[in-house]
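S.K.: I am attaching a structure below and will ask some questions about it afterwards.
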Amino acid sequence: MSDVGSEDFDEDQSYLGEYEGDRNEAGERHGVGRAVLPNGDTYQGMYENGKRSGQGTYRFKNGARYIGEYYQNLKHGQGIFYYPDGSKYEGSWVNDQRQGHGLYTYPNQDTYEGEWLHHQRNGQGIYHYNDTGSRYMGTWVMGKIESAGEFIHLNHRYQGNFLNNNPSGPGKYVFEIGCEQHGEYLQVDQDRGDAEEDEIVSTMALKWKPKAVTGLSLWTPAKDPSSDGEGLASADEKGGSKPPTPET
């Protein structure tokens, strides 16, 4: 869902829509004002030298709404964006993009709270799955789960490294009954039996390889995921550690 809206309309155009409010000596919009833009969007709030700057409320004709800070016509600072699909972002904006710390509530009531960069989940954050109550705590890189992290389920958790939204390499399952299962996730080839003659078709699957069961111990996450392509298993294995990719 785009939240750019009226920024497509340059206020230096010959027709700027309707405006009621303060102006400076140069006749520019300056101070408190209300504008109806040519595309039907409306803005009510602060202006500075002809640009939206300061606190304001922008209503899109499709039902979206932004309440927060502007700078030079761009969402910049703290603000809340309400999307037409029912989702909502509350947090930091930089140059019209979600950036910094913020909380996003998705239409299915999943939530992500953490760091953002260029509209993408990036850095440390917590994703909560509303339908199961499970949650992921760890590192994100441009919208994907990467590096060290932890999946927390109702009666167990998985701790390890992740690569491209999948668990990868060494890790462990921690069970509330007071034990741990150590092992690693491997990528294995699966040949397709329905391939035509002389045609080699294989797909990669993730498989959990258990190694040892121990008592509870302190988890020290590795800094980097395994570099040899060893990865985590599917969500169906060991209680669903592979998350569904949430919509952005």
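Here, A, B, ... name the chains of the structure tokens in the order displayed, residue numbers run from 1 inside each chain, and ligands are numbered from 1 in the same displayed order.
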Env of Phe60 in chain A: 7 Å cut, atoms = only C-alpha atoms, seq-sep filter 3 positions within chain, self excluded. Answer as a PyMOL selection string.
M.R.: chain A and resi 5+41-42+63-65
S.K.: Name the residues in contact with range 112-120 of chain A at a cut-off of 6 Å, using only C-alpha atoms, excluding same-chain residues fewer than 2 positions from it; report them as a list in words.
M.R.: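 Neighbouring residues, sequence-local ones excluded: Gln97, Arg98, Gln99, Gly100, His101, Gly102, Leu103, Tyr104, Asn122, Gly123, Gln124, Gly125, Ile126, Tyr127, Met142 and Gly143 of chain A.
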S.K.: Based on the selection just made, write N, CA and C atoms of those residues as a PDB file, in the first residue's frame.
M.R.:
```pdb
ATOM      1  N   GLN A  97       9.753   8.112   4.358  1.00  0.00           N
ATOM      2  CA  GLN A  97       9.828   6.660   4.484  1.00  0.00           C
ATOM      3  C   GLN A  97       9.858   6.252   5.952  1.00  0.00           C
ATOM      4  N   ARG A  98       9.315   5.054   6.224  1.00  0.00           N
ATOM      5  CA  ARG A  98       9.413   4.494   7.573  1.00  0.00           C
ATOM      6  C   ARG A  98      10.885   4.214   7.873  1.00  0.00           C
ATOM      7  N   GLN A  99      11.403   4.897   8.876  1.00  0.00           N
ATOM      8  CA  GLN A  99      12.820   4.746   9.201  1.00  0.00           C
ATOM      9  C   GLN A  99      13.045   5.126  10.659  1.00  0.00           C
ATOM     10  N   GLY A 100      13.816   4.294  11.365  1.00  0.00           N
ATOM     11  CA  GLY A 100      13.986   4.471  12.798  1.00  0.00           C
ATOM     12  C   GLY A 100      13.139   3.444  13.532  1.00  0.00           C
ATOM     13  N   HIS A 101      12.649   3.793  14.713  1.00  0.00           N
ATOM     14  CA  HIS A 101      11.847   2.857  15.501  1.00  0.00           C
ATOM     15  C   HIS A 101      10.360   3.063  15.216  1.00  0.00           C
ATOM     16  N   GLY A 102       9.646   1.946  15.034  1.00  0.00           N
ATOM     17  CA  GLY A 102       8.220   2.067  14.775  1.00  0.00           C
ATOM     18  C   GLY A 102       7.473   0.777  15.034  1.00  0.00           C
ATOM     19  N   LEU A 103       6.166   0.913  15.180  1.00  0.00           N
ATOM     20  CA  LEU A 103       5.260  -0.215  15.401  1.00  0.00           C
ATOM     21  C   LEU A 103       4.281  -0.296  14.234  1.00  0.00           C
ATOM     22  N   TYR A 104       4.255  -1.456  13.552  1.00  0.00           N
ATOM     23  CA  TYR A 104       3.350  -1.672  12.423  1.00  0.00           C
ATOM     24  C   TYR A 104       2.352  -2.754  12.825  1.00  0.00           C
ATOM     25  N   ASN A 122      14.338  -3.539   9.401  1.00  0.00           N
ATOM     26  CA  ASN A 122      15.790  -3.625   9.282  1.00  0.00           C
ATOM     27  C   ASN A 122      16.430  -3.295  10.625  1.00  0.00           C
ATOM     28  N   GLY A 123      17.180  -4.264  11.177  1.00  0.00           N
ATOM     29  CA  GLY A 123      17.774  -4.083  12.496  1.00  0.00           C
ATOM     30  C   GLY A 123      17.114  -5.030  13.490  1.00  0.00           C
ATOM     31  N   GLN A 124      17.068  -4.639  14.748  1.00  0.00           N
ATOM     32  CA  GLN A 124      16.468  -5.463  15.782  1.00  0.00           C
ATOM     33  C   GLN A 124      14.961  -5.220  15.869  1.00  0.00           C
ATOM     34  N   GLY A 125      14.198  -6.298  15.970  1.00  0.00           N
ATOM     35  CA  GLY A 125      12.757  -6.128  16.059  1.00  0.00           C
ATOM     36  C   GLY A 125      12.061  -7.391  16.524  1.00  0.00           C
ATOM     37  N   ILE A 126      10.788  -7.231  16.909  1.00  0.00           N
ATOM     38  CA  ILE A 126       9.964  -8.341  17.393  1.00  0.00           C
ATOM     39  C   ILE A 126       8.711  -8.424  16.520  1.00  0.00           C
ATOM     40  N   TYR A 127       8.493  -9.594  15.920  1.00  0.00           N
ATOM     41  CA  TYR A 127       7.289  -9.834  15.115  1.00  0.00           C
ATOM     42  C   TYR A 127       6.394 -10.794  15.882  1.00  0.00           C
ATOM     43  N   MET A 142      16.563  -5.698   5.554  1.00  0.00           N
ATOM     44  CA  MET A 142      15.716  -5.285   4.435  1.00  0.00           C
ATOM     45  C   MET A 142      14.488  -6.182   4.277  1.00  0.00           C
ATOM     46  N   GLY A 143      13.769  -6.342   5.382  1.00  0.00           N
ATOM     47  CA  GLY A 143      12.494  -7.044   5.365  1.00  0.00           C
ATOM     48  C   GLY A 143      12.572  -8.528   5.616  1.00  0.00           C
TER      49      GLY A 143
END
```
S.K.: Mind checking which residues fall within 12 Å of Gly68 in chain A, counting only C-alpha atoms, ignoring those fewer than 6 positions away in the same chain, and posting them as an MDAnalysis selection string?
M.R.: chainID A and resid 43:46 52:59 74:82 89:93 96
S.K.: Need the shell around Lys211 in chain A: protein/DNA/RNA residues with any atom at most 8 Å away, counting only C-alpha atoms. Skip same-chain ones fewer than 2 positions apart. Format as a list in words?
M.R.: Gln181, His182, Gly183, Glu184, Lys209 and Val213 of chain A
S.K.: Which residues come within 7 Å of Leu37 in chain A, counting only C-alpha atoms, excluding same-chain residues fewer than 2 positions away, as a list in words?
M.R.: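 Returned residues: Leu16, Gly17, Glu18, Ala35, Asn39, Gly40, Asp41 and Thr42 of chain A.
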S.K.: Find, counting only C-alpha atoms, the residue in A:Asp85, A:Thr132, A:Glu48, A:Phe162 that gets nearest to Asn62 in chain A.
M.R.: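 That would be A:Asp85, the residue with the smallest distance to Asn62 in chain A.
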S.K.: Determine, counting only C-alpha atoms, which protein, DNA and RNA residues have an atom within 10 Å of an atom of Lys51 in chain A; residues of the same chain fewer than 4 positions away are not included. Present the result as a ChimeraX atom specification.
M.R.: /A:11,28-31,46-47,70-74
S.K.: Determine which residues of range 40-192 of chain A receive a DSSP assignment of strand (DSSP E), computed from the backbone, and state them as a PyMOL selection string.
M.R.: chain A and resi 42-48+51-59+65-71+74-82+88-94+97-105+111-117+120-128+135-141+144-152+156-163+166-175+179-191
S.K.: Quote the spacing between CA of Tyr66 in chain A and CA of Tyr129 in chain A in Å to one decimal place.
M.R.: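 Separation between CA of Tyr66 in chain A and CA of Tyr129 in chain A: 25.4 Å.
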S.K.: List the spatial neighbours of Asp189 in chain A as a PyMOL selection string - criterion: any atom at most 9 Å away, only C-alpha atoms, same-chain residues fewer than 4 positions off excluded.
M.R.: chain A and resi 202-206
S.K.: Return the single residue from A:Ala26, A:Arg157, A:Trp208, A:Tyr106 that is closest to Pro84 in chain A, with distances computed using only C-alpha atoms.
M.R.: A:Tyr106
S.K.: Just how far from CA of Gly138 in chain A is CA of Glu150 in chain A, in Å to one decimal?
M.R.: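 Value for the CA of Glu150 in chain A-CA of Gly138 in chain A distance: 6.2 Å.
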